[in-house]
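Pasting query.cif here (mmCIF, C-alpha atoms and all ligand atoms):
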```cif
data_my_file
#
loop_
_atom_site.label_atom_id
_atom_site.label_comp_id
_atom_site.auth_asym_id
_atom_site.auth_seq_id
_atom_site.Cartn_x
_atom_site.Cartn_y
_atom_site.Cartn_z
CA MET P 1 52.06 91.76 165.37
CA ALA P 2 55.13 94.00 165.26
CA VAL P 3 58.28 91.95 164.83
CA GLN P 4 60.46 95.03 165.08
CA GLU P 5 59.53 98.31 166.73
CA THR P 6 62.63 100.38 166.24
CA GLY P 7 65.70 100.35 164.06
CA GLY P 8 69.41 100.47 164.81
CA MET P 9 69.69 96.69 164.88
CA ASN P 10 73.25 96.54 163.63
CA ASP P 11 74.50 98.69 166.56
CA GLY P 12 72.34 97.12 169.24
CA LEU P 13 72.55 94.33 171.78
CA SER P 14 72.08 90.87 170.31
CA LYS P 15 71.23 87.78 172.31
CA SER P 16 74.79 86.47 172.13
CA ARG P 17 76.26 89.80 173.26
CA PHE P 18 73.73 90.00 176.08
CA CYS P 19 74.73 86.50 177.22
CA GLU P 20 78.40 87.41 176.99
CA GLY P 21 77.71 90.47 179.10
CA VAL P 22 75.82 88.43 181.71
CA ARG P 23 78.71 85.97 181.80
CA CYS P 24 81.25 88.77 182.14
CA PRO P 25 80.50 92.46 181.45
CA LYS P 26 84.23 93.04 181.03
CA MET P 27 84.30 90.70 178.01
CA LEU P 28 81.74 92.89 176.28
CA TRP P 29 83.71 96.02 177.18
CA MET P 30 86.99 94.49 175.97
CA GLU P 31 85.44 93.61 172.63
CA LYS P 32 84.48 97.24 172.14
CA TYR P 33 87.51 99.06 173.57
CA ALA P 34 90.45 96.64 173.55
CA GLU P 35 89.73 93.93 171.01
CA ASP P 36 93.41 93.76 170.05
CA ARG P 37 94.31 92.45 173.55
CA GLY P 38 92.48 89.19 172.86
CA ARG P 39 94.11 86.21 171.22
CA GLU P 40 92.90 83.80 168.58
CA ILE P 41 90.88 81.07 170.24
CA ASP P 42 89.83 78.04 168.26
CA ASN P 43 86.30 77.38 169.46
CA SER P 44 85.34 76.04 166.04
CA LEU P 45 84.71 72.50 167.28
CA ILE P 46 82.31 73.77 169.96
CA PHE P 47 80.46 75.87 167.40
CA GLU P 48 80.45 73.09 164.79
CA ASN P 49 79.03 70.63 167.31
CA GLY P 50 76.44 73.21 168.34
CA HIS P 51 75.46 73.74 164.74
CA ARG P 52 74.99 70.00 164.13
CA VAL P 53 72.95 69.48 167.29
CA GLY P 54 70.85 72.52 166.36
CA ALA P 55 70.19 71.10 162.89
CA LEU P 56 69.02 67.84 164.46
CA ALA P 57 66.45 69.74 166.53
CA GLN P 58 65.00 71.83 163.72
CA PRO P 59 62.33 69.30 162.57
CA TRP P 60 61.13 68.80 166.19
CA TYR P 61 57.60 69.95 165.29
CA GLY P 62 57.69 68.72 161.68
CA ASP P 63 58.36 70.54 158.40
CA PHE P 64 59.86 73.97 158.81
CA VAL P 65 61.15 77.02 157.00
CA GLU P 66 64.40 78.69 158.00
CA VAL P 67 65.39 82.35 158.02
CA GLU P 68 68.70 82.74 156.27
CA PHE P 69 71.52 84.18 158.36
CA ASP P 70 72.93 87.52 157.21
CA ARG P 71 75.48 88.81 159.72
CA ASP P 72 75.45 92.33 158.33
CA ASN P 73 71.76 92.76 157.84
CA LYS P 74 69.62 92.03 160.87
CA PRO P 75 66.68 94.15 159.60
CA LYS P 76 66.53 91.86 156.55
CA MET P 77 66.28 88.75 158.77
CA ILE P 78 63.58 90.43 160.83
CA ALA P 79 61.65 91.42 157.70
CA GLU P 80 61.89 87.89 156.33
CA THR P 81 60.54 86.51 159.61
CA GLU P 82 57.67 88.98 159.47
CA GLU P 83 56.85 87.82 155.97
CA LEU P 84 56.93 84.12 156.96
CA LEU P 85 54.64 84.82 159.91
CA ARG P 86 52.23 86.69 157.63
CA GLU P 87 52.21 83.73 155.28
CA GLY P 88 51.08 81.53 158.20
CA HIS P 89 54.04 79.14 158.46
CA VAL P 90 53.72 76.85 161.47
CA ASN P 91 57.40 76.18 162.17
CA ILE P 92 60.12 78.77 161.62
CA CYS P 93 63.74 78.10 162.51
CA GLU P 94 66.09 80.99 163.26
CA ALA P 95 63.07 83.31 163.44
CA SER P 96 64.52 86.79 164.01
CA PHE P 97 63.10 89.54 166.19
CA GLY P 98 64.09 93.01 167.27
CA TYR P 99 62.95 95.57 169.80
CA ASP P 100 64.54 98.88 170.69
CA GLY P 101 68.04 97.91 169.55
CA LEU P 102 67.76 94.36 170.94
CA PHE P 103 67.98 91.40 168.60
CA CYS P 104 67.53 87.64 168.86
CA ARG P 105 67.14 84.58 166.69
CA VAL P 106 64.92 81.76 167.96
CA ASP P 107 66.19 78.27 167.19
CA VAL P 108 62.71 76.82 166.69
CA LEU P 109 59.46 78.82 166.73
CA HIS P 110 56.21 76.86 166.60
CA ARG P 111 52.74 78.29 166.01
CA ASN P 112 50.04 76.67 168.15
CA ASP P 113 46.46 76.07 167.01
CA ASP P 114 45.23 79.02 169.09
CA GLY P 115 47.67 81.40 167.34
CA SER P 116 50.13 81.58 170.23
CA PHE P 117 53.75 80.46 169.86
CA ASP P 118 56.17 78.09 171.58
CA MET P 119 59.89 78.71 171.31
CA ILE P 120 62.83 76.35 171.79
CA GLU P 121 66.43 77.24 172.54
CA VAL P 122 68.71 74.31 171.62
CA LYS P 123 72.02 73.63 173.39
CA SER P 124 74.64 70.98 172.69
CA SER P 125 75.26 70.62 176.43
CA THR P 126 74.11 67.66 178.53
CA ARG P 127 72.74 69.85 181.33
CA ASN P 128 70.95 73.07 182.04
CA LYS P 129 73.12 76.01 183.08
CA GLU P 130 72.22 79.35 184.59
CA ILE P 131 73.47 81.23 181.52
CA TYR P 132 70.98 79.30 179.36
CA LEU P 133 68.15 80.64 181.45
CA TRP P 134 69.34 84.19 180.79
CA ASP P 135 69.52 83.32 177.11
CA ILE P 136 65.88 82.18 177.10
CA ALA P 137 64.76 85.06 179.32
CA PHE P 138 66.28 87.55 176.88
CA GLN P 139 64.52 85.95 173.91
CA TYR P 140 61.25 85.76 175.82
CA TYR P 141 61.55 89.45 176.66
CA VAL P 142 62.33 90.53 173.10
CA LEU P 143 59.54 88.43 171.58
CA LYS P 144 56.97 89.67 174.08
CA ARG P 145 58.06 93.27 173.49
CA ALA P 146 57.86 92.70 169.75
CA GLY P 147 54.22 91.65 170.14
CA ILE P 148 54.60 87.88 169.86
CA ASP P 149 52.21 85.87 172.04
CA VAL P 150 54.69 83.38 173.55
CA ARG P 151 52.89 80.53 175.32
CA ARG P 152 55.83 78.31 176.31
CA ALA P 153 59.62 78.82 176.27
CA TYR P 154 61.63 75.62 176.27
CA LEU P 155 65.27 74.74 176.69
CA MET P 156 66.34 71.69 174.72
CA TYR P 157 69.60 69.93 175.58
CA ILE P 158 71.20 66.52 175.22
CA ASN P 159 70.09 63.59 177.35
CA LYS P 160 73.41 62.19 178.52
CA GLU P 161 71.85 58.79 179.30
CA TYR P 162 70.76 58.24 175.70
CA GLU P 163 72.44 55.22 174.14
CA ARG P 164 72.27 54.87 170.41
CA ARG P 165 70.67 51.72 168.96
CA GLY P 166 70.20 51.92 165.21
CA GLU P 167 68.73 55.14 163.75
CA LEU P 168 69.14 58.17 165.99
CA ASP P 169 65.97 58.71 168.05
CA THR P 170 65.70 62.47 168.55
CA ALA P 171 62.93 62.09 171.15
CA GLY P 172 65.30 60.04 173.29
CA PHE P 173 68.38 62.08 172.43
CA PHE P 174 66.97 65.42 173.56
CA THR P 175 65.63 66.59 176.90
CA LEU P 176 63.01 69.35 176.74
CA GLU P 177 62.68 71.57 179.80
CA ASP P 178 59.89 74.09 180.21
CA CYS P 179 61.47 77.37 181.36
CA THR P 180 58.47 79.65 180.77
CA GLU P 181 57.79 80.66 184.37
CA ARG P 182 61.46 81.29 185.16
CA ALA P 183 61.96 83.27 181.93
CA ALA P 184 58.88 85.39 182.67
CA SER P 185 59.97 86.02 186.27
CA LEU P 186 63.33 87.38 185.07
CA ARG P 187 61.75 90.15 183.02
CA GLY P 188 62.66 92.93 185.46
CA GLU P 189 66.20 91.65 185.83
CA VAL P 190 66.61 91.33 182.06
CA GLU P 191 65.69 95.01 181.74
CA GLU P 192 68.17 95.94 184.47
CA ARG P 193 70.93 93.91 182.86
CA ILE P 194 70.26 95.48 179.47
CA ASP P 195 70.51 98.97 180.99
CA GLY P 196 73.65 98.00 182.92
CA LEU P 197 75.37 96.56 179.86
CA ARG P 198 74.50 99.62 177.81
CA ASP P 199 76.05 101.82 180.51
CA ILE P 200 79.21 99.72 180.48
CA LEU P 201 79.45 100.02 176.72
CA LEU P 202 79.09 103.80 176.96
CA SER P 203 81.86 104.12 179.56
CA GLU P 204 85.54 104.19 178.62
CA GLU P 205 86.50 102.90 182.07
CA GLU P 206 87.51 99.24 182.13
CA PRO P 207 85.21 97.19 184.43
CA ASP P 208 87.00 95.76 187.47
CA ILE P 209 86.18 92.06 187.27
CA ALA P 210 88.41 89.26 188.57
CA PRO P 211 89.01 86.13 186.46
CA GLY P 212 86.98 83.09 187.44
CA ARG P 213 85.03 80.19 186.04
CA GLN P 214 83.37 82.52 183.52
CA CYS P 215 86.73 82.74 181.71
CA PHE P 216 86.45 79.20 180.31
CA ASP P 217 82.84 78.11 180.77
CA PRO P 218 81.01 77.50 178.45
CA TYR P 219 84.02 78.23 176.25
CA GLU P 220 87.37 79.95 176.57
CA CYS P 221 87.43 83.75 176.61
CA ALA P 222 89.90 85.40 174.24
CA PHE P 223 91.07 87.83 176.96
CA ARG P 224 92.33 85.28 179.49
CA ASP P 225 95.99 86.17 179.03
CA TYR P 226 95.23 89.86 179.45
CA CYS P 227 93.11 89.38 182.56
CA ASN P 228 95.55 86.88 184.11
CA GLY P 229 98.52 89.12 183.35
CA THR P 230 100.19 86.41 181.24
CA GLU P 231 100.20 88.13 177.86
CA GLY P 232 103.23 87.02 175.82
CA ALA P 233 103.98 84.01 178.09
CA ASP P 234 103.57 81.59 175.16
CA ALA P 235 106.39 83.21 173.25
CA ALA P 236 109.04 80.94 174.84
CA ASP P 237 111.41 78.83 172.75
CA PRO P 238 109.24 76.22 171.01
CA ASN P 239 111.97 73.61 171.57
CA ASP P 240 111.74 73.95 175.34
CA ILE P 241 110.38 71.11 177.37
CA ARG P 242 108.14 72.75 179.85
CA TYR P 243 106.47 71.42 182.95
CA ALA P 244 104.97 72.83 186.08
CA GLY P 245 105.71 71.62 189.58
CA ASP P 246 108.88 70.70 191.42
CA ALA P 247 110.51 67.52 190.07
CA ASP P 248 113.23 67.42 192.73
CA THR P 249 111.06 65.76 195.32
CA GLU P 250 110.54 62.42 196.97
CA ALA P 251 107.56 61.92 194.64
CA ALA P 252 109.80 62.16 191.59
CA ARG P 253 112.33 59.75 193.03
CA SER P 254 109.74 57.17 194.02
CA PHE P 255 108.12 57.49 190.58
CA ALA P 256 111.48 56.85 188.90
CA GLU P 257 111.97 53.81 191.14
CA ARG P 258 108.82 52.23 189.76
CA LEU P 259 110.14 52.29 186.20
CA SER P 260 111.76 49.28 184.57
CA HIS P 261 112.65 48.53 180.97
CA PRO P 262 111.27 48.26 178.42
CA LEU P 263 109.62 51.64 178.83
CA ALA P 264 106.63 52.47 176.61
CA PHE P 265 105.81 56.20 176.43
CA LEU P 266 102.21 56.37 175.26
CA ARG P 267 100.01 59.22 174.11
CA ILE P 268 96.46 58.42 172.98
CA GLU P 269 94.30 61.06 171.29
CA ILE P 270 90.66 61.11 172.23
CA CYS P 271 87.59 62.73 170.72
CA MET P 272 83.98 63.10 171.80
CA TYR P 273 80.88 63.27 169.63
CA PRO P 274 77.82 65.07 171.00
CA ILE P 275 75.68 62.98 168.60
CA PRO P 276 76.69 59.32 169.03
CA PRO P 277 77.72 58.06 165.58
CA PHE P 278 77.66 54.34 166.47
CA ASP P 279 75.47 51.86 168.33
CA GLY P 280 76.23 51.48 172.02
CA LEU P 281 77.60 55.01 172.39
CA THR P 282 76.22 57.73 174.63
CA PRO P 283 76.68 61.49 173.92
CA TYR P 284 80.20 62.78 174.51
CA ARG P 285 81.55 59.29 175.23
CA GLN P 286 85.33 59.42 174.86
CA ILE P 287 86.62 57.63 171.77
CA PRO P 288 90.34 56.94 171.34
CA PHE P 289 91.27 57.37 167.70
CA MET P 290 95.08 57.47 167.35
CA TYR P 291 98.18 56.92 169.41
CA THR P 292 101.93 57.42 169.36
CA LEU P 293 104.27 55.13 171.26
CA LEU P 294 107.96 55.56 171.99
CA ILE P 295 109.65 52.38 173.24
CA GLU P 296 112.96 52.50 175.08
CA ARG P 297 114.76 49.20 175.48
CA GLU P 298 117.20 48.26 178.25
CA ASP P 299 120.21 49.08 176.01
CA GLY P 300 118.87 52.62 175.57
CA GLY P 301 117.72 52.09 171.98
CA THR P 302 114.38 53.69 171.05
CA GLU P 303 111.75 53.25 168.38
CA ILE P 304 108.46 54.95 167.53
CA ARG P 305 105.25 53.08 166.74
CA GLU P 306 101.99 54.78 165.90
CA PHE P 307 98.40 54.09 164.99
CA MET P 308 96.55 56.29 162.52
CA PRO P 309 92.94 55.49 161.66
CA GLU P 310 92.03 54.60 158.08
CA ILE P 311 89.47 57.16 156.97
CA GLU P 312 87.65 57.11 153.66
CA GLU P 313 85.72 60.06 152.32
CA GLY P 314 82.05 59.86 153.26
CA ALA P 315 82.42 56.90 155.65
CA GLN P 316 82.10 57.68 159.36
CA PRO P 317 85.11 55.93 160.93
CA ASP P 318 85.05 53.81 164.10
CA PRO P 319 88.73 53.32 164.90
CA ARG P 320 88.32 51.60 168.27
CA ARG P 321 88.71 47.95 167.24
CA ALA P 322 91.76 48.53 165.02
CA LEU P 323 93.34 50.77 167.65
CA ALA P 324 92.78 48.21 170.42
CA GLU P 325 94.31 45.39 168.34
CA SER P 326 97.26 47.57 167.39
CA LEU P 327 97.91 48.52 171.04
CA CYS P 328 97.99 44.84 171.99
CA GLU P 329 100.54 44.16 169.26
CA ASP P 330 102.72 47.24 169.79
CA ILE P 331 103.15 47.33 173.56
CA PRO P 332 105.60 44.70 174.82
CA GLU P 333 104.03 42.33 177.39
CA ASP P 334 106.50 43.36 180.10
CA ALA P 335 106.63 47.11 179.30
CA CYS P 336 106.15 49.79 181.91
CA VAL P 337 103.69 52.19 180.22
CA ILE P 338 104.26 55.89 180.93
CA THR P 339 101.42 58.22 180.06
CA CYS P 340 100.92 61.95 180.05
CA ALA P 341 98.58 64.10 182.12
CA ARG P 342 96.72 66.73 180.10
CA GLY P 343 96.79 69.25 182.92
CA SER P 344 97.05 69.50 186.68
CA GLU P 345 93.46 68.55 187.60
CA ALA P 346 92.73 65.04 188.85
CA TYR P 347 90.57 64.26 185.81
CA ASP P 348 93.46 65.22 183.51
CA ARG P 349 95.49 62.26 184.73
CA ASN P 350 95.42 58.59 183.69
CA VAL P 351 93.54 59.46 180.49
CA GLU P 352 95.22 56.62 178.61
CA ALA P 353 94.55 54.05 181.36
CA ARG P 354 90.85 54.98 181.42
CA ALA P 355 90.57 54.80 177.64
CA ILE P 356 92.26 51.38 177.54
CA GLY P 357 89.98 50.16 180.34
CA LYS P 358 86.90 51.15 178.33
CA LEU P 359 88.26 49.41 175.24
CA ALA P 360 88.75 46.26 177.34
CA TRP P 361 85.03 46.19 178.21
CA THR P 362 84.00 46.94 174.63
CA PHE P 363 86.07 44.06 173.17
CA PRO P 364 85.87 41.02 175.47
CA ASP P 365 88.24 38.95 173.31
CA LEU P 366 91.00 41.55 173.90
CA ARG P 367 90.10 42.20 177.51
CA ARG P 368 92.83 40.25 179.27
CA ARG P 369 95.61 41.84 177.20
CA LEU P 370 94.17 45.37 177.41
CA LEU P 371 93.61 45.20 181.17
CA SER P 372 97.20 44.04 181.56
CA ILE P 373 98.37 47.17 179.66
CA LYS P 374 96.07 49.35 181.74
CA ASP P 375 97.44 47.92 184.98
CA ARG P 376 100.99 48.77 183.87
CA CYS P 377 100.19 52.44 183.12
CA VAL P 378 101.79 55.11 185.30
CA ASP P 379 101.12 58.81 184.84
CA LEU P 380 104.06 61.20 184.79
CA ALA P 381 102.05 63.67 186.90
CA ASP P 382 102.69 61.29 189.84
CA ALA P 383 106.31 62.42 189.68
CA PHE P 384 105.18 65.94 190.47
CA ASP P 385 103.14 64.89 193.48
CA GLY P 386 100.01 65.37 191.43
CA ALA P 387 100.57 69.11 191.26
CA GLY P 388 102.39 69.35 187.96
CA SER P 389 101.93 68.65 184.32
CA TYR P 390 104.11 68.86 181.29
CA TYR P 391 103.29 69.72 177.75
CA ALA P 392 105.02 69.57 174.43
CA PRO P 393 105.14 73.06 172.98
CA GLY P 394 103.47 73.52 169.64
CA PRO P 395 101.19 75.92 167.83
CA ALA P 396 98.41 77.27 170.08
CA GLY P 397 95.22 75.24 169.81
CA GLU P 398 96.90 72.31 168.05
CA GLY P 399 95.40 69.78 170.49
CA LYS P 400 91.89 70.93 169.64
CA GLU P 401 92.78 70.90 165.97
CA VAL P 402 93.89 67.26 166.26
CA GLU P 403 90.55 66.27 167.77
CA SER P 404 88.30 68.29 165.51
CA ALA P 405 90.18 67.08 162.44
CA PHE P 406 89.26 63.50 163.31
CA ILE P 407 85.60 64.05 164.10
CA TYR P 408 84.72 65.45 160.69
CA MET P 409 87.68 64.12 158.71
CA HIS P 410 85.58 61.76 156.57
CA GLU P 411 83.89 64.86 155.13
CA LYS P 412 87.20 66.24 153.85
CA PRO P 413 88.91 65.51 150.50
CA ALA P 414 91.89 63.12 150.27
CA ASP P 415 94.62 65.79 150.10
CA LYS P 416 93.26 67.47 153.23
CA ARG P 417 93.17 64.11 155.01
CA ASP P 418 96.84 63.53 154.14
CA GLU P 419 97.69 66.96 155.50
CA ILE P 420 95.90 66.14 158.75
CA LYS P 421 97.77 62.85 159.10
CA ASP P 422 101.08 64.71 158.79
CA MET P 423 99.94 67.08 161.54
CA TRP P 424 98.93 64.12 163.73
CA THR P 425 102.30 62.43 163.22
CA ALA P 426 104.24 65.55 164.21
CA TYR P 427 101.96 66.22 167.17
CA GLY P 428 102.07 62.68 168.53
CA ARG P 429 105.85 62.36 168.17
CA ARG P 430 106.49 65.69 169.83
CA ASN P 431 104.34 64.57 172.75
CA VAL P 432 106.03 61.20 173.39
CA GLU P 433 109.51 62.63 172.82
CA THR P 434 108.78 65.28 175.45
CA LEU P 435 107.34 62.66 177.79
CA HIS P 436 110.53 60.65 177.30
CA ALA P 437 112.81 63.64 177.89
CA VAL P 438 110.98 64.76 181.04
CA THR P 439 111.14 61.22 182.46
CA GLU P 440 114.88 61.08 181.67
CA SER P 441 115.38 64.30 183.62
CA LEU P 442 113.83 62.96 186.84
CA PRO P 443 116.18 62.52 189.79
CA ARG P 444 116.95 58.86 190.50
CA LEU P 445 118.18 57.11 193.61
S1 LIG P 501 89.12 86.53 180.82
FE1 LIG P 501 87.53 86.27 182.33
S2 LIG P 501 87.48 88.19 183.48
FE2 LIG P 501 88.61 88.58 181.60
S3 LIG P 501 87.08 89.36 180.14
FE3 LIG P 501 87.24 87.16 179.82
S4 LIG P 501 85.67 86.27 181.10
FE4 LIG P 501 85.99 88.37 181.81
#
```
How does the structure come out when it is put into structure tokens?
Amino acid sequence: MAVQETGGMNDGLSKSRFCEGVRCPKMLWMEKYAEDRGREIDNSLIFENGHRVGALAQPWYGDFVEVEFDRDNKPKMIAETEELLREGHVNICEASFGYDGLFCRVDVLHRNDDGSFDMIEVKSSTRNKEIYLWDIAFQYYVLKRAGIDVRRAYLMYINKEYERRGELDTAGFFTLEDCTERAASLRGEVEERIDGLRDILLSEEEPDIAPGRQCFDPYECAFRDYCNGTEGADAADPNDIRYAGDADTEAARSFAERLSHPLAFLRIEICMYPIPPFDGLTPYRQIPFMYTLLIEREDGGTEIREFMPEIEEGAQPDPRRALAESLCEDIPEDACVITCARGSEAYDRNVEARAIGKLAWTFPDLRRRLLSIKDRCVDLADAFDGAGSYYAPGPAGEGKEVESAFIYMHEKPADKRDEIKDMWTAYGRRNVETLHAVTESLPRL
């Protein structure tokens, strides 16, 4: 068995670069010829979640050995894999293979009794996607070319119906899909794509590719501003209140008509765990974990109230009960609750109302009060006829930082947790103050 036939691994085409190229050849080209036109994108939460889901899948076949990652030394990873195979290990995670400048790492490689191998590619998604098939097809191709007798090639992803009850049941949590036939049938196309991507990388001419869904799925591309022609657009005055859409419309006036004091401007922060941390949760179920509230009374006086979860080091927090109780106490019974759309899509609106509705069904003793708050929620996007959204300017990626800080906050030391709470306070206040100011600026009858 030849794990690697030729050298040059560090200059070749890895599985992740191949998948990037399939997603958008221009992305690959930009990384080589115009890397400085990209901006910093914080995809760390996506990668962290992926890492944790991957770790959960590693013992799928039982005890395993793992090939240590060494970014700058692919031949070393390949050699280590070769050694582990020679030693007869049954399960090898991150098994590394190369062929003719191509390189891939297999999440889980399992040796069958007849000497053949099964491979699993693990994804933290809840569904199969076309790009995953290319990912598997590339690995299948490289392993076959490297002389590995692959019997089955599986895609493993999260079963979105799984509901946690007690200890996490990995058999119920994961869905295993056999992709062998499809991976094998793509062999010719994989070869063509490899040749095409190599040609693109050899050419100094920028590929002509229009922006589309590939720019943000499965994660945001660093070159979006460049490709959309909006480079430098974020450099506006950070004290500006910005919103899209035309506020001088009948929609804005009728929205303003619906408002009556006291006004409660509410922003709830929400996170999602791919691996449900508590009983009764399904993967990626939305969990509200903090809120900021600005109350404006009839006389124009305002006050801020906020909820921050108590988080101790090492203890996975479930803030839902405390947050629900606090909401019931903080929001006046007769308040009109104004919430904030996250963007201009339909699913970006009424986020707070949906979160409060779910809390109401989770805590029956608070249901009446919570449903009353939910029924009084209005979304500011209604004032823009559904076409607009506002946002409170702040450092790029701060929203993601707020969410990811909560999810793994109990693993951080006390001083870091205090720092995060300060960030949350500033972020939440800036949001409700902007919500307040935009509402104030609406035309009234
Ligand atoms: S922004 Fe879109 S079109 Fe531009 S390189 Fe990235 S994925 Fe390709």
message = If the limit is 6 Å from any atom of ligand LIG 501 (chain P), counting only C-alpha atoms and all ligand atoms, which residues qualify? Return them as a list in words.
response =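 What falls inside 6 Å of ligand LIG 501 (chain P) is Cys24, Lys26, Met27, Ile209, Ala210, Pro211, Gln214, Cys215, Cys221, Phe223, Arg224 and Cys227 of chain P.
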Written file, previous selection with C-alpha atoms, as a PDB file, in the frame of the given file:
```pdb
ATOM      1  CA  CYS P  24      81.250  88.770 182.140  1.00  0.00           C
ATOM      2  CA  LYS P  26      84.230  93.040 181.030  1.00  0.00           C
ATOM      3  CA  MET P  27      84.300  90.700 178.010  1.00  0.00           C
ATOM      4  CA  ILE P 209      86.180  92.060 187.270  1.00  0.00           C
ATOM      5  CA  ALA P 210      88.410  89.260 188.570  1.00  0.00           C
ATOM      6  CA  PRO P 211      89.010  86.130 186.460  1.00  0.00           C
ATOM      7  CA  GLN P 214      83.370  82.520 183.520  1.00  0.00           C
ATOM      8  CA  CYS P 215      86.730  82.740 181.710  1.00  0.00           C
ATOM      9  CA  CYS P 221      87.430  83.750 176.610  1.00  0.00           C
ATOM     10  CA  PHE P 223      91.070  87.830 176.960  1.00  0.00           C
ATOM     11  CA  ARG P 224      92.330  85.280 179.490  1.00  0.00           C
ATOM     12  CA  CYS P 227      93.110  89.380 182.560  1.00  0.00           C
TER      13      CYS P 227
END
```
inquiry  = Ranking P:Phe47, P:Tyr141, P:Trp29, P:Phe278 by minimum distance to P:Phe103 and counting all atoms listed in the file, which one comes first?
reply    =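 Among the listed residues, the smallest separation from P:Phe103 belongs to P:Tyr141.
Among the candidate residues P:Val65, P:Val438, P:Cys93, P:Ile46, the one lying nearest to P:Ser125 is P:Ile46, with distances computed using all atoms listed in the file.
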Restrict the calculation to only C-alpha atoms, then for each residue of stretch 248-308 of chain P with any atom at most 6 Å from an atom of stretch 149-168 of chain P give the closest atom pair and their distance in Å to one decimal, rows by chain and rising residue number, as JSON lines.
```
{"residue": "P:Asp279", "atom": "CA", "partner": "P:Arg165", "partner_atom": "CA", "distance": 4.8}
{"residue": "P:Gly280", "atom": "CA", "partner": "P:Arg164", "partner_atom": "CA", "distance": 5.5}
{"residue": "P:Leu281", "atom": "CA", "partner": "P:Glu163", "partner_atom": "CA", "distance": 5.5}
{"residue": "P:Thr282", "atom": "CA", "partner": "P:Glu163", "partner_atom": "CA", "distance": 4.6}
{"residue": "P:Pro283", "atom": "CA", "partner": "P:Lys160", "partner_atom": "CA", "distance": 5.7}
```
key: Option closest in space to P:Ile78, from P:Cys104, P:Val90, P:Ala426, P:Leu176 [counting only C-alpha atoms]   = P:Cys104
Sort by chain and increasing residue number a table of all residues of stretch 101-122 of chain P within 12 Å of stretch 54-63 of chain P, each with its closest pair of atoms and their distance in Å to one decimal, counting all atoms listed in the file, and write it as a Markdown table.
```
| residue | atom | partner | partner_atom | distance |
| --- | --- | --- | --- | --- |
| P:Val106 | CA | P:Gln58 | CA | 10.8 |
| P:Asp107 | CA | P:Gln58 | CA | 7.4 |
| P:Val108 | CA | P:Gln58 | CA | 6.2 |
| P:Leu109 | CA | P:Tyr61 | CA | 9.2 |
| P:His110 | CA | P:Tyr61 | CA | 7.2 |
| P:Arg111 | CA | P:Tyr61 | CA | 9.7 |
| P:Asn112 | CA | P:Tyr61 | CA | 10.5 |
| P:Asp118 | CA | P:Tyr61 | CA | 10.4 |
| P:Met119 | CA | P:Tyr61 | CA | 10.9 |
| P:Ile120 | CA | P:Ala57 | CA | 9.2 |
| P:Glu121 | CA | P:Gly54 | CA | 8.9 |
| P:Val122 | CA | P:Gly54 | CA | 6.0 |
```
request  = Could you tell me which of P:Gly172, P:Gly357, P:Gly98, P:Gly188 comes closest to P:Thr81 if we count only C-alpha atoms?
outcome  =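 Distance minimum relative to P:Thr81 lands on P:Gly98.
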message = Residues near stretch 128-135 of chain P, anyone? I mean within 10 Å using only C-alpha atoms, not counting same-chain ones fewer than 6 positions away, as a ChimeraX atom specification.
response = /P:15-16,18-20,22-23,104,121-122,154-158,175,177,179-180,182-183,186-187,189-190,217-218
request  = Point out the residue among P:Phe173, P:Pro25, P:Ala383, P:Leu435 with the least atom-to-atom distance to P:Glu250, counting all atoms listed in the file.
outcome  = P:Ala383
